[in-house]
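S.K.: Before anything else, here's the structure in question.
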Amino acid sequence: MAAKQKKNFQKYYKFLLYLVIIVLINAAGITLFYKIDLTSNNLYSLSNASKTVVKGLKEPLTINVFFTKNLPAPYNVIEPYLRDILKEYESYSGQNLSYRFKDVSAQEGDISQEADSNRKEAESYGIYPMNVQKLEQDEAKVMRAYMGMVLLHGDLVEKIPAITTTEGLEYKITTAIMKMTNKVSALVKLPEKIKVSLVLSSSLFQVSRVANIKGLDTIRTTAQEAVDRCKSKAYGQLTYEIIDPSMNEGTPEQQALADRFGLQWPDISTPEGVSVPAGKGVAAIQLKYGNKTVERSILNRNMALTQKGLEEQFSIIETKDIEAFVNDNIDNLIEINENIGYLASNNTLLLQPELPAKFDANTPRPPKKETLDNFNNIVSKQYSFKTFKFDNEIPDTFNTLIIAGAKQNFTDWELFQIDQYLMKGKSLAIFVDAFNEIQPQNQQQFQDAVYLPVNTGLEKLLDYYGLNVKKSYVLDESCYVNRDRGGDEMKIYFVPIIKNDKINHNLSFMDNLTQMLVIKASPLEYNKDRIKQNGLKLTELISSSDKSWEMAGKINLMPFLIQPPTNDKERGSRPLACILEGEFPSYFADKQIPQKPENNPVNANTGTETGQDKKDVKDEAAKPAAPQSTVQAKQDFISKGKPGKIFLIGTAQILRNNGLDEEGASPNAIFLMNIFDYLNNRTEIAEMRGKNQKFNVLDESKPLTKTIVKIVNIAGLPAMFILFGIIVWVRRSSRRKKIQSMFSRDSNK
């Protein structure tokens with residue numbers, strides 16, 4: 001009996017011991033997070049960049065997720081993915097990051113008090129429901145769903161209002177965290193405060209009843225309240241003032257706001273019979289920090305049907321709009337992102353509109369030029385643009401200088417500045433347009449555009465490093481196809497589609513790019529002996545297909561006039577973009593260091609000096625040379641540079657609005673942003689941006705292969721079943737005969 005009790009005790013003891021072990025293992029699993037990601041691009045685990053960012057958090061960060069439950073496909077996979085990835089963020093944060101999923105869903109048609117409170121909280125952060133289509137009982141219905149999140153770090157708020165896919169979600173979260181941590185550091189270290197000015201003309205109050213300006217009486221109070229709320233979020237780094245241009249207060253820039261988006265009126269009388277003299281007025285908000293300013297009008301204009309007919313009415317914008325404007329533009333003013341340079345001289349592509357501050361009836365408006373709006377918006381999310389002109393040396397405040405489609409000559413002094421900038425271990429991103437496209441002036445007559453070769457002098461600098469952009473266009477049978485409503489197709493040969501096999505996947509940030517599109521690209525040439533002699537490393541990034549060819553000499557890009565060559569020798573793959581890196585030798589190592597020239601107007605088309613300027617130069621040359629000073633300052637010169645990089649592509653058209661999408665989600669946008677990250681030594685960020693779920697692209701098959709595959713699919717499978725049936729029938733027949741022969745032998749015996 002005692003032995004039996006002892007045996008039972010041991011059994012219960014082992015059970016309790018196993019139970020304790022299981023509980024301890026689960027507790028350890030909760031605190032010690034670990035998982036194995038078997039996807040090729042680690043889609044379901046954090047990148048090294050994300051781990052570094054959350055490990056560097058010094059203060060608690062809270063993430064509130066507002067997500068409607070039981071969403072239809074394809075949105076039903078987002079919430080589980082979001083829970084997994086946020087759990088991983090939390091595990092690497094050292095208890096400085098926490099997240100909460102807040103219930104915003106209605107239960108059986110009724111919304112609980114908690115869900116209603118959470119919905120109001122979401123909308124206070126600017127997260128509003130979206131329309132989602134779902135199928136229910138063979139009927140398509142539309143439901144309103146919340147799919148957003150907000151990040152809270154101290155008094156700072158960042159939001160992702162619409163999470164409609166898991167693609168790039170980690171990148172959005174990590175960059176939002178980076179932005180918040182950088183913003184805290186930048187605000188705390190500001191040497192001076194950001195000035196917020198309410199530019200409000202007192203003359204507006206005289207015509208407020210006539211113009212029916214709603215909200216004007218309370219604007220001083222509401223603007224003050226909005227700025228106070230922004231001030232608390234900006235660690236007190238805001239000052240507030242009210243400027244009255246009608247009383248000649250404010251700077252000339254603030255005075256000019258009335259001419260930009262103010263109101264003007266003639267001599268009028270109020271309904272009470274009070275005469276109001278002609279004048280003008282403005283109501284605007286301006287933010288100023290250092291030399292940077294941003295402003296916007298706070299007057300809304302709309303047409304309304306009144307008793308007197310259709311009339312123009314005015315109203316002050318809502319307080320939340322003023323608050324949002326201030327909060328959103330603080331980031332741009334204090335430059336929390338890393339700087340990137342953009343050359344705004346030498347007739348490069350226009351990054352931002354350049355409009356005079358004031359217009360009047362006698363001053364005609366200049367023709368509107370195309371600006372790189374999409375490119376500017378996409379890059380500005382991660383970098384702060386520093387536009388630069390060759391008035392002085394290139395500053396060291398940015399690590400990469402973009403030269404986009406320059407068409408005006410570079411002087412030797414300007415080339416020297418570019419050369420020495422590269423010698424400092426900096427990077428260049430050069431987008432070359434080999435031709436200047438001149439459209440015909442008379443649009444009524446059918447005329448072709450004229451393509452003039454562009455020679456800016458930058459070619460000799462690139463040639464010294466071993467690179468050259470040919471004066472031709474790459475045409476490709478693998479290209480964009482325009483389809484009209486009638487179903488007719490027209491190949492646009494000068495818009496090649498770069499397929500997966502022509503993209504270099506050896507670089508980690510290029511791994512997830514499977515297809516690109518370039519416009520009016522010129523091929524590159526490499527002097528490999530010179531590159532090797534200079535000790536540089538060349539990496540080709542993209543190239544055209546094997547069915548591409550070149551158009552040189554007389555350029556005519558009318559699609560219906562272009563015929564592919566019949567000679568296969570003219571076809572072949574052409575390199576379109578590359579990166580050259582290493583310790584560059586100076587182009588001016590064995591040359592006289594050029595001096596800064598005087599400013600001379602230059603023809604924008606040809607890049608040469610005008611005739612009057614040449615005459616002036618000739619007259620100057622005829623004068624006796626001034627005696628040089630015996631004591632001269634020695635100019636700094638670097639003959640052998642630190643490790644730097646040059647990115648070169650034979651087109652600047654890829655930067656235009658028709659080559660990039662507004663959201664920055666297209667392969668072209670991802671390619672450019674990854675390039676800039678690589679040039680700025682932020683490769684991990686580039687890898688994270690490209691970490692998206694993707695399908696493996698199939699290689700292009702030959703026509704014979706396609707025919708064989710079709711035959712096998714159509715006739716092969718039935719033939720296999722028939723063959724299998726014949727084999728089974730033969731084996732059964734053979735077995736039947738064998739059995740019959742065995743019984744026949746037995747009967748004979």
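FYI, nothing fancy with the structure tokens labels: chains A, B, ... in order, residues from 1 per chain, ligands from 1 as they appear.
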For Ala552 of chain A, list every protein, DNA or RNA residue within 10 Å, evaluated using only C-alpha atoms, and leave out those in the same chain fewer than 5 positions away; present the list as a PyMOL selection string.
M.R.: chain A and resi 470-474+522
S.K.: Rank A:Thr387, A:Thr319, A:Gln286, A:Ser545 by their smallest atom-to-atom distance to Leu343 of chain A, using only C-alpha atoms, and report the top residue only.
M.R.: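 For Leu343 of chain A, the nearest of the given residues is A:Thr387.
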S.K.: Taking only C-alpha atoms into account, name the residue in A:Lys460, A:Lys102, A:Arg735, A:Lys14 that is nearest to Met147 of chain A.
M.R.: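 Residue with the minimum atom-to-atom distance to Met147 of chain A: A:Lys102.
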S.K.: Looking only at the backbone, which of the residues in segment 163-372 of chain A does DSSP tag as strand (DSSP E or B), as a PyMOL selection string?
M.R.: chain A and resi 194-200+213-214+238-243+263-265+268-269+275-276+279-281+283-289+292-297+299-306+309-316+338-343+350+371
S.K.: Could you dump the residues just selected with C-alpha atoms as a PDB file, in the first residue's frame?
M.R.:
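Writing done, so here's selection-v8.pdb:
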ATOM      1  CA  ILE A 194      10.442  79.994 -34.550  1.00  0.00           C
ATOM      2  CA  LYS A 195       8.426  83.148 -35.150  1.00  0.00           C
ATOM      3  CA  VAL A 196       4.717  82.723 -35.912  1.00  0.00           C
ATOM      4  CA  SER A 197       3.077  85.877 -37.265  1.00  0.00           C
ATOM      5  CA  LEU A 198      -0.596  86.564 -37.802  1.00  0.00           C
ATOM      6  CA  VAL A 199      -0.513  89.071 -40.668  1.00  0.00           C
ATOM      7  CA  LEU A 200      -3.906  90.745 -40.295  1.00  0.00           C
ATOM      8  CA  ILE A 213     -16.033  87.696 -43.836  1.00  0.00           C
ATOM      9  CA  LYS A 214     -17.100  85.114 -41.253  1.00  0.00           C
ATOM     10  CA  LEU A 238       7.507  79.307 -30.773  1.00  0.00           C
ATOM     11  CA  THR A 239       6.854  83.019 -30.457  1.00  0.00           C
ATOM     12  CA  TYR A 240       3.664  84.724 -31.579  1.00  0.00           C
ATOM     13  CA  GLU A 241       2.956  88.222 -32.865  1.00  0.00           C
ATOM     14  CA  ILE A 242       0.261  90.107 -34.766  1.00  0.00           C
ATOM     15  CA  ILE A 243       1.335  92.286 -37.701  1.00  0.00           C
ATOM     16  CA  LEU A 263      -8.240  91.332 -50.991  1.00  0.00           C
ATOM     17  CA  GLN A 264      -8.662  94.588 -52.924  1.00  0.00           C
ATOM     18  CA  TRP A 265     -11.734  96.794 -53.119  1.00  0.00           C
ATOM     19  CA  ILE A 268     -17.711 101.405 -51.365  1.00  0.00           C
ATOM     20  CA  SER A 269     -20.425 102.164 -48.824  1.00  0.00           C
ATOM     21  CA  SER A 275     -18.049 105.243 -46.847  1.00  0.00           C
ATOM     22  CA  VAL A 276     -15.049 102.928 -47.057  1.00  0.00           C
ATOM     23  CA  GLY A 279      -7.765  99.732 -50.260  1.00  0.00           C
ATOM     24  CA  LYS A 280      -6.429  96.243 -49.766  1.00  0.00           C
ATOM     25  CA  GLY A 281      -5.977  93.820 -46.886  1.00  0.00           C
ATOM     26  CA  ALA A 283      -5.249  87.680 -43.408  1.00  0.00           C
ATOM     27  CA  ALA A 284      -2.394  85.168 -43.397  1.00  0.00           C
ATOM     28  CA  ILE A 285      -0.177  83.066 -41.151  1.00  0.00           C
ATOM     29  CA  GLN A 286       3.599  83.204 -41.604  1.00  0.00           C
ATOM     30  CA  LEU A 287       6.288  81.026 -40.024  1.00  0.00           C
ATOM     31  CA  LYS A 288       9.874  82.260 -40.049  1.00  0.00           C
ATOM     32  CA  TYR A 289      13.106  80.687 -38.841  1.00  0.00           C
ATOM     33  CA  LYS A 292      13.352  80.367 -44.314  1.00  0.00           C
ATOM     34  CA  THR A 293       9.701  81.393 -44.349  1.00  0.00           C
ATOM     35  CA  VAL A 294       6.415  79.685 -45.158  1.00  0.00           C
ATOM     36  CA  GLU A 295       3.036  81.345 -45.267  1.00  0.00           C
ATOM     37  CA  ARG A 296      -0.543  80.745 -46.319  1.00  0.00           C
ATOM     38  CA  SER A 297      -3.743  82.721 -46.545  1.00  0.00           C
ATOM     39  CA  LEU A 299      -9.176  83.338 -45.965  1.00  0.00           C
ATOM     40  CA  ASN A 300     -11.430  80.849 -47.712  1.00  0.00           C
ATOM     41  CA  ARG A 301     -13.252  82.067 -50.825  1.00  0.00           C
ATOM     42  CA  ASN A 302     -16.376  80.421 -52.218  1.00  0.00           C
ATOM     43  CA  MET A 303     -19.421  81.219 -54.297  1.00  0.00           C
ATOM     44  CA  ALA A 304     -22.793  81.029 -52.549  1.00  0.00           C
ATOM     45  CA  LEU A 305     -26.352  81.551 -53.740  1.00  0.00           C
ATOM     46  CA  THR A 306     -27.940  84.412 -51.768  1.00  0.00           C
ATOM     47  CA  GLY A 309     -27.935  85.948 -56.565  1.00  0.00           C
ATOM     48  CA  LEU A 310     -24.575  84.199 -56.811  1.00  0.00           C
ATOM     49  CA  GLU A 311     -22.112  86.075 -54.598  1.00  0.00           C
ATOM     50  CA  GLU A 312     -18.516  85.572 -53.518  1.00  0.00           C
ATOM     51  CA  GLN A 313     -18.237  84.982 -49.777  1.00  0.00           C
ATOM     52  CA  PHE A 314     -15.265  84.806 -47.451  1.00  0.00           C
ATOM     53  CA  SER A 315     -14.542  83.039 -44.189  1.00  0.00           C
ATOM     54  CA  ILE A 316     -11.582  82.442 -41.903  1.00  0.00           C
ATOM     55  CA  GLU A 338      19.539  65.119 -43.491  1.00  0.00           C
ATOM     56  CA  ASN A 339      20.413  67.722 -46.130  1.00  0.00           C
ATOM     57  CA  ILE A 340      20.797  66.941 -49.818  1.00  0.00           C
ATOM     58  CA  GLY A 341      22.120  69.500 -52.310  1.00  0.00           C
ATOM     59  CA  TYR A 342      20.437  70.515 -55.551  1.00  0.00           C
ATOM     60  CA  LEU A 343      22.185  72.640 -58.180  1.00  0.00           C
ATOM     61  CA  LEU A 350      13.411  73.619 -61.888  1.00  0.00           C
ATOM     62  CA  THR A 371       8.711  71.971 -61.841  1.00  0.00           C
TER      63      THR A 371
END
S.K.: Of the residues A:Glu581, A:Asp373, A:Asp484, A:Asp412, which is the one nearest to Lys426 of chain A, using only C-alpha atoms?
M.R.: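 The shortest atom-to-atom distance to Lys426 of chain A comes from A:Glu581.
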S.K.: Name the residues of segment 19-176 of chain A that come out as helix (DSSP H, G or I) in a backbone DSSP run; write them as a PDB file with N, CA and C atoms, in the first residue's frame.
M.R.:
ATOM      1  N   LEU A  19       4.252  20.820 -15.497  1.00  0.00           N
ATOM      2  CA  LEU A  19       3.386  21.994 -15.615  1.00  0.00           C
ATOM      3  C   LEU A  19       4.163  23.274 -15.330  1.00  0.00           C
ATOM      4  N   VAL A  20       4.997  23.247 -14.278  1.00  0.00           N
ATOM      5  CA  VAL A  20       5.818  24.417 -13.944  1.00  0.00           C
ATOM      6  C   VAL A  20       6.794  24.729 -15.077  1.00  0.00           C
ATOM      7  N   ILE A  21       7.381  23.697 -15.668  1.00  0.00           N
ATOM      8  CA  ILE A  21       8.331  23.899 -16.778  1.00  0.00           C
ATOM      9  C   ILE A  21       7.634  24.537 -17.976  1.00  0.00           C
ATOM     10  N   ILE A  22       6.419  24.061 -18.277  1.00  0.00           N
ATOM     11  CA  ILE A  22       5.668  24.626 -19.410  1.00  0.00           C
ATOM     12  C   ILE A  22       5.337  26.089 -19.159  1.00  0.00           C
ATOM     13  N   VAL A  23       4.902  26.422 -17.924  1.00  0.00           N
ATOM     14  CA  VAL A  23       4.582  27.812 -17.592  1.00  0.00           C
ATOM     15  C   VAL A  23       5.814  28.691 -17.705  1.00  0.00           C
ATOM     16  N   LEU A  24       6.959  28.205 -17.198  1.00  0.00           N
ATOM     17  CA  LEU A  24       8.200  28.989 -17.265  1.00  0.00           C
ATOM     18  C   LEU A  24       8.649  29.192 -18.714  1.00  0.00           C
ATOM     19  N   ILE A  25       8.477  28.166 -19.550  1.00  0.00           N
ATOM     20  CA  ILE A  25       8.850  28.296 -20.969  1.00  0.00           C
ATOM     21  C   ILE A  25       7.980  29.338 -21.656  1.00  0.00           C
ATOM     22  N   ASN A  26       6.675  29.341 -21.365  1.00  0.00           N
ATOM     23  CA  ASN A  26       5.783  30.339 -21.956  1.00  0.00           C
ATOM     24  C   ASN A  26       6.101  31.744 -21.456  1.00  0.00           C
ATOM     25  N   ALA A  27       6.424  31.864 -20.154  1.00  0.00           N
ATOM     26  CA  ALA A  27       6.804  33.176 -19.617  1.00  0.00           C
ATOM     27  C   ALA A  27       8.077  33.685 -20.261  1.00  0.00           C
ATOM     28  N   ALA A  28       9.032  32.788 -20.459  1.00  0.00           N
ATOM     29  CA  ALA A  28      10.271  33.188 -21.125  1.00  0.00           C
ATOM     30  C   ALA A  28      10.012  33.563 -22.576  1.00  0.00           C
ATOM     31  N   GLY A  29       9.075  32.851 -23.211  1.00  0.00           N
ATOM     32  CA  GLY A  29       8.750  33.162 -24.604  1.00  0.00           C
ATOM     33  C   GLY A  29       8.107  34.519 -24.772  1.00  0.00           C
ATOM     34  N   ILE A  30       7.365  34.964 -23.739  1.00  0.00           N
ATOM     35  CA  ILE A  30       6.732  36.286 -23.809  1.00  0.00           C
ATOM     36  C   ILE A  30       7.773  37.395 -23.691  1.00  0.00           C
ATOM     37  N   THR A  31       8.708  37.210 -22.753  1.00  0.00           N
ATOM     38  CA  THR A  31       9.715  38.264 -22.506  1.00  0.00           C
ATOM     39  C   THR A  31      10.874  38.187 -23.491  1.00  0.00           C
ATOM     40  N   ASN A  48      17.594  45.640 -39.784  1.00  0.00           N
ATOM     41  CA  ASN A  48      18.587  46.142 -38.827  1.00  0.00           C
ATOM     42  C   ASN A  48      18.383  47.617 -38.541  1.00  0.00           C
ATOM     43  N   ALA A  49      17.945  48.376 -39.555  1.00  0.00           N
ATOM     44  CA  ALA A  49      17.717  49.811 -39.358  1.00  0.00           C
ATOM     45  C   ALA A  49      16.603  50.050 -38.351  1.00  0.00           C
ATOM     46  N   SER A  50      15.536  49.247 -38.414  1.00  0.00           N
ATOM     47  CA  SER A  50      14.423  49.396 -37.472  1.00  0.00           C
ATOM     48  C   SER A  50      14.856  49.038 -36.056  1.00  0.00           C
ATOM     49  N   LYS A  51      15.640  47.968 -35.931  1.00  0.00           N
ATOM     50  CA  LYS A  51      16.127  47.580 -34.602  1.00  0.00           C
ATOM     51  C   LYS A  51      16.994  48.681 -33.996  1.00  0.00           C
ATOM     52  N   THR A  52      17.857  49.279 -34.810  1.00  0.00           N
ATOM     53  CA  THR A  52      18.729  50.345 -34.314  1.00  0.00           C
ATOM     54  C   THR A  52      17.921  51.549 -33.860  1.00  0.00           C
ATOM     55  N   VAL A  53      16.874  51.880 -34.609  1.00  0.00           N
ATOM     56  CA  VAL A  53      16.065  53.053 -34.276  1.00  0.00           C
ATOM     57  C   VAL A  53      15.350  52.868 -32.946  1.00  0.00           C
ATOM     58  N   VAL A  54      14.688  51.725 -32.749  1.00  0.00           N
ATOM     59  CA  VAL A  54      13.924  51.529 -31.503  1.00  0.00           C
ATOM     60  C   VAL A  54      14.845  51.304 -30.308  1.00  0.00           C
ATOM     61  N   LYS A  55      16.022  50.736 -30.545  1.00  0.00           N
ATOM     62  CA  LYS A  55      16.974  50.579 -29.438  1.00  0.00           C
ATOM     63  C   LYS A  55      17.501  51.928 -28.967  1.00  0.00           C
ATOM     64  N   TYR A  75      -7.988  43.377 -46.874  1.00  0.00           N
ATOM     65  CA  TYR A  75      -7.611  44.158 -45.697  1.00  0.00           C
ATOM     66  C   TYR A  75      -7.566  43.308 -44.430  1.00  0.00           C
ATOM     67  N   ASN A  76      -8.080  42.084 -44.474  1.00  0.00           N
ATOM     68  CA  ASN A  76      -8.148  41.261 -43.266  1.00  0.00           C
ATOM     69  C   ASN A  76      -6.782  40.755 -42.811  1.00  0.00           C
ATOM     70  N   VAL A  77      -5.758  40.829 -43.660  1.00  0.00           N
ATOM     71  CA  VAL A  77      -4.427  40.349 -43.273  1.00  0.00           C
ATOM     72  C   VAL A  77      -3.575  41.454 -42.645  1.00  0.00           C
ATOM     73  N   ILE A  78      -4.054  42.685 -42.698  1.00  0.00           N
ATOM     74  CA  ILE A  78      -3.228  43.799 -42.238  1.00  0.00           C
ATOM     75  C   ILE A  78      -3.099  43.810 -40.718  1.00  0.00           C
ATOM     76  N   GLU A  79      -4.230  43.640 -40.019  1.00  0.00           N
ATOM     77  CA  GLU A  79      -4.190  43.728 -38.555  1.00  0.00           C
ATOM     78  C   GLU A  79      -3.304  42.649 -37.930  1.00  0.00           C
ATOM     79  N   PRO A  80      -3.402  41.357 -38.333  1.00  0.00           N
ATOM     80  CA  PRO A  80      -2.488  40.353 -37.762  1.00  0.00           C
ATOM     81  C   PRO A  80      -1.019  40.672 -38.042  1.00  0.00           C
ATOM     82  N   TYR A  81      -0.740  41.136 -39.264  1.00  0.00           N
ATOM     83  CA  TYR A  81       0.640  41.507 -39.599  1.00  0.00           C
ATOM     84  C   TYR A  81       1.105  42.666 -38.720  1.00  0.00           C
ATOM     85  N   LEU A  82       0.228  43.640 -38.509  1.00  0.00           N
ATOM     86  CA  LEU A  82       0.567  44.802 -37.697  1.00  0.00           C
ATOM     87  C   LEU A  82       0.822  44.400 -36.250  1.00  0.00           C
ATOM     88  N   ARG A  83       0.040  43.479 -35.717  1.00  0.00           N
ATOM     89  CA  ARG A  83       0.254  43.008 -34.341  1.00  0.00           C
ATOM     90  C   ARG A  83       1.611  42.330 -34.202  1.00  0.00           C
ATOM     91  N   ASP A  84       1.964  41.509 -35.192  1.00  0.00           N
ATOM     92  CA  ASP A  84       3.250  40.799 -35.132  1.00  0.00           C
ATOM     93  C   ASP A  84       4.429  41.759 -35.189  1.00  0.00           C
ATOM     94  N   ILE A  85       4.362  42.715 -36.106  1.00  0.00           N
ATOM     95  CA  ILE A  85       5.510  43.598 -36.282  1.00  0.00           C
ATOM     96  C   ILE A  85       5.642  44.580 -35.118  1.00  0.00           C
ATOM     97  N   LEU A  86       4.517  45.025 -34.545  1.00  0.00           N
ATOM     98  CA  LEU A  86       4.588  45.912 -33.385  1.00  0.00           C
ATOM     99  C   LEU A  86       5.106  45.175 -32.156  1.00  0.00           C
ATOM    100  N   LYS A  87       4.771  43.906 -32.054  1.00  0.00           N
ATOM    101  CA  LYS A  87       5.304  43.109 -30.954  1.00  0.00           C
ATOM    102  C   LYS A  87       6.817  43.005 -31.057  1.00  0.00           C
ATOM    103  N   GLU A  88       7.319  42.885 -32.284  1.00  0.00           N
ATOM    104  CA  GLU A  88       8.766  42.812 -32.476  1.00  0.00           C
ATOM    105  C   GLU A  88       9.423  44.162 -32.191  1.00  0.00           C
ATOM    106  N   TYR A  89       8.776  45.268 -32.602  1.00  0.00           N
ATOM    107  CA  TYR A  89       9.284  46.595 -32.245  1.00  0.00           C
ATOM    108  C   TYR A  89       9.408  46.714 -30.723  1.00  0.00           C
ATOM    109  N   GLU A  90       8.379  46.281 -30.018  1.00  0.00           N
ATOM    110  CA  GLU A  90       8.352  46.394 -28.562  1.00  0.00           C
ATOM    111  C   GLU A  90       9.476  45.582 -27.926  1.00  0.00           C
ATOM    112  N   SER A  91       9.746  44.397 -28.470  1.00  0.00           N
ATOM    113  CA  SER A  91      10.756  43.528 -27.875  1.00  0.00           C
ATOM    114  C   SER A  91      12.158  44.106 -27.994  1.00  0.00           C
ATOM    115  N   TYR A  92      12.423  44.891 -29.030  1.00  0.00           N
ATOM    116  CA  TYR A  92      13.756  45.471 -29.230  1.00  0.00           C
ATOM    117  C   TYR A  92      13.903  46.873 -28.626  1.00  0.00           C
ATOM    118  N   GLN A 113     -19.967  52.553 -25.838  1.00  0.00           N
ATOM    119  CA  GLN A 113     -19.473  53.858 -25.397  1.00  0.00           C
ATOM    120  C   GLN A 113     -17.960  53.943 -25.563  1.00  0.00           C
ATOM    121  N   GLU A 114     -17.261  52.823 -25.293  1.00  0.00           N
ATOM    122  CA  GLU A 114     -15.804  52.804 -25.444  1.00  0.00           C
ATOM    123  C   GLU A 114     -15.402  52.976 -26.906  1.00  0.00           C
ATOM    124  N   ALA A 115     -16.083  52.243 -27.817  1.00  0.00           N
ATOM    125  CA  ALA A 115     -15.765  52.353 -29.241  1.00  0.00           C
ATOM    126  C   ALA A 115     -16.054  53.753 -29.762  1.00  0.00           C
ATOM    127  N   ASP A 116     -17.142  54.343 -29.302  1.00  0.00           N
ATOM    128  CA  ASP A 116     -17.472  55.709 -29.725  1.00  0.00           C
ATOM    129  C   ASP A 116     -16.411  56.690 -29.251  1.00  0.00           C
ATOM    130  N   SER A 117     -15.931  56.511 -28.007  1.00  0.00           N
ATOM    131  CA  SER A 117     -14.870  57.377 -27.483  1.00  0.00           C
ATOM    132  C   SER A 117     -13.583  57.203 -28.273  1.00  0.00           C
ATOM    133  N   ASN A 118     -13.259  55.956 -28.658  1.00  0.00           N
ATOM    134  CA  ASN A 118     -12.052  55.694 -29.445  1.00  0.00           C
ATOM    135  C   ASN A 118     -12.152  56.289 -30.847  1.00  0.00           C
ATOM    136  N   ARG A 119     -13.355  56.272 -31.411  1.00  0.00           N
ATOM    137  CA  ARG A 119     -13.540  56.879 -32.733  1.00  0.00           C
ATOM    138  C   ARG A 119     -13.300  58.390 -32.674  1.00  0.00           C
ATOM    139  N   LYS A 120     -13.822  59.023 -31.646  1.00  0.00           N
ATOM    140  CA  LYS A 120     -13.608  60.465 -31.494  1.00  0.00           C
ATOM    141  C   LYS A 120     -12.130  60.773 -31.284  1.00  0.00           C
ATOM    142  N   GLU A 121     -11.441  59.907 -30.536  1.00  0.00           N
ATOM    143  CA  GLU A 121     -10.003  60.095 -30.326  1.00  0.00           C
ATOM    144  C   GLU A 121      -9.243  59.969 -31.645  1.00  0.00           C
ATOM    145  N   ALA A 122      -9.616  58.961 -32.457  1.00  0.00           N
ATOM    146  CA  ALA A 122      -8.954  58.777 -33.758  1.00  0.00           C
ATOM    147  C   ALA A 122      -9.139  59.999 -34.638  1.00  0.00           C
ATOM    148  N   GLU A 123     -10.352  60.525 -34.684  1.00  0.00           N
ATOM    149  CA  GLU A 123     -10.625  61.675 -35.537  1.00  0.00           C
ATOM    150  C   GLU A 123      -9.960  62.939 -35.011  1.00  0.00           C
ATOM    151  N   SER A 124      -9.714  63.014 -33.702  1.00  0.00           N
ATOM    152  CA  SER A 124      -8.987  64.163 -33.160  1.00  0.00           C
ATOM    153  C   SER A 124      -7.537  64.168 -33.634  1.00  0.00           C
ATOM    154  N   LEU A 169       5.070  48.886 -44.890  1.00  0.00           N
ATOM    155  CA  LEU A 169       4.549  49.335 -43.599  1.00  0.00           C
ATOM    156  C   LEU A 169       5.667  49.528 -42.581  1.00  0.00           C
ATOM    157  N   GLU A 170       6.627  48.619 -42.555  1.00  0.00           N
ATOM    158  CA  GLU A 170       7.762  48.774 -41.638  1.00  0.00           C
ATOM    159  C   GLU A 170       8.526  50.053 -41.938  1.00  0.00           C
ATOM    160  N   TYR A 171       8.710  50.348 -43.215  1.00  0.00           N
ATOM    161  CA  TYR A 171       9.428  51.567 -43.604  1.00  0.00           C
ATOM    162  C   TYR A 171       8.700  52.808 -43.094  1.00  0.00           C
ATOM    163  N   LYS A 172       7.367  52.826 -43.205  1.00  0.00           N
ATOM    164  CA  LYS A 172       6.596  53.980 -42.745  1.00  0.00           C
ATOM    165  C   LYS A 172       6.714  54.156 -41.233  1.00  0.00           C
ATOM    166  N   ILE A 173       6.634  53.056 -40.489  1.00  0.00           N
ATOM    167  CA  ILE A 173       6.697  53.145 -39.032  1.00  0.00           C
ATOM    168  C   ILE A 173       8.084  53.592 -38.580  1.00  0.00           C
ATOM    169  N   THR A 174       9.114  52.987 -39.146  1.00  0.00           N
ATOM    170  CA  THR A 174      10.479  53.315 -38.720  1.00  0.00           C
ATOM    171  C   THR A 174      10.842  54.754 -39.063  1.00  0.00           C
ATOM    172  N   THR A 175      10.486  55.203 -40.261  1.00  0.00           N
ATOM    173  CA  THR A 175      10.811  56.583 -40.626  1.00  0.00           C
ATOM    174  C   THR A 175      10.014  57.578 -39.786  1.00  0.00           C
ATOM    175  N   ALA A 176       8.793  57.210 -39.376  1.00  0.00           N
ATOM    176  CA  ALA A 176       8.026  58.088 -38.492  1.00  0.00           C
ATOM    177  C   ALA A 176       8.700  58.198 -37.129  1.00  0.00           C
TER     178      ALA A 176
END
S.K.: Using only C-alpha atoms, can you tell me which of A:Asn337, A:Thr68, A:Gln95, A:Thr181 comes closest to Lys386 of chain A?
M.R.: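 Closest candidate: A:Asn337.
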S.K.: From the set A:Ala234, A:Ile36, A:Leu187, A:Ala404, which residue has the shortest atom-to-atom contact distance to Phe375 of chain A, counting only C-alpha atoms?
M.R.: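 Closest residue, counting only C-alpha atoms: A:Ala404.
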S.K.: Would you pick out the contacts of Asp546 of chain A at 6 Å or less, using only C-alpha atoms, so that residues sharing its chain but fewer than 2 positions from it are not included, and give the list as a ChimeraX atom specification?
M.R.: /A:548,572-573
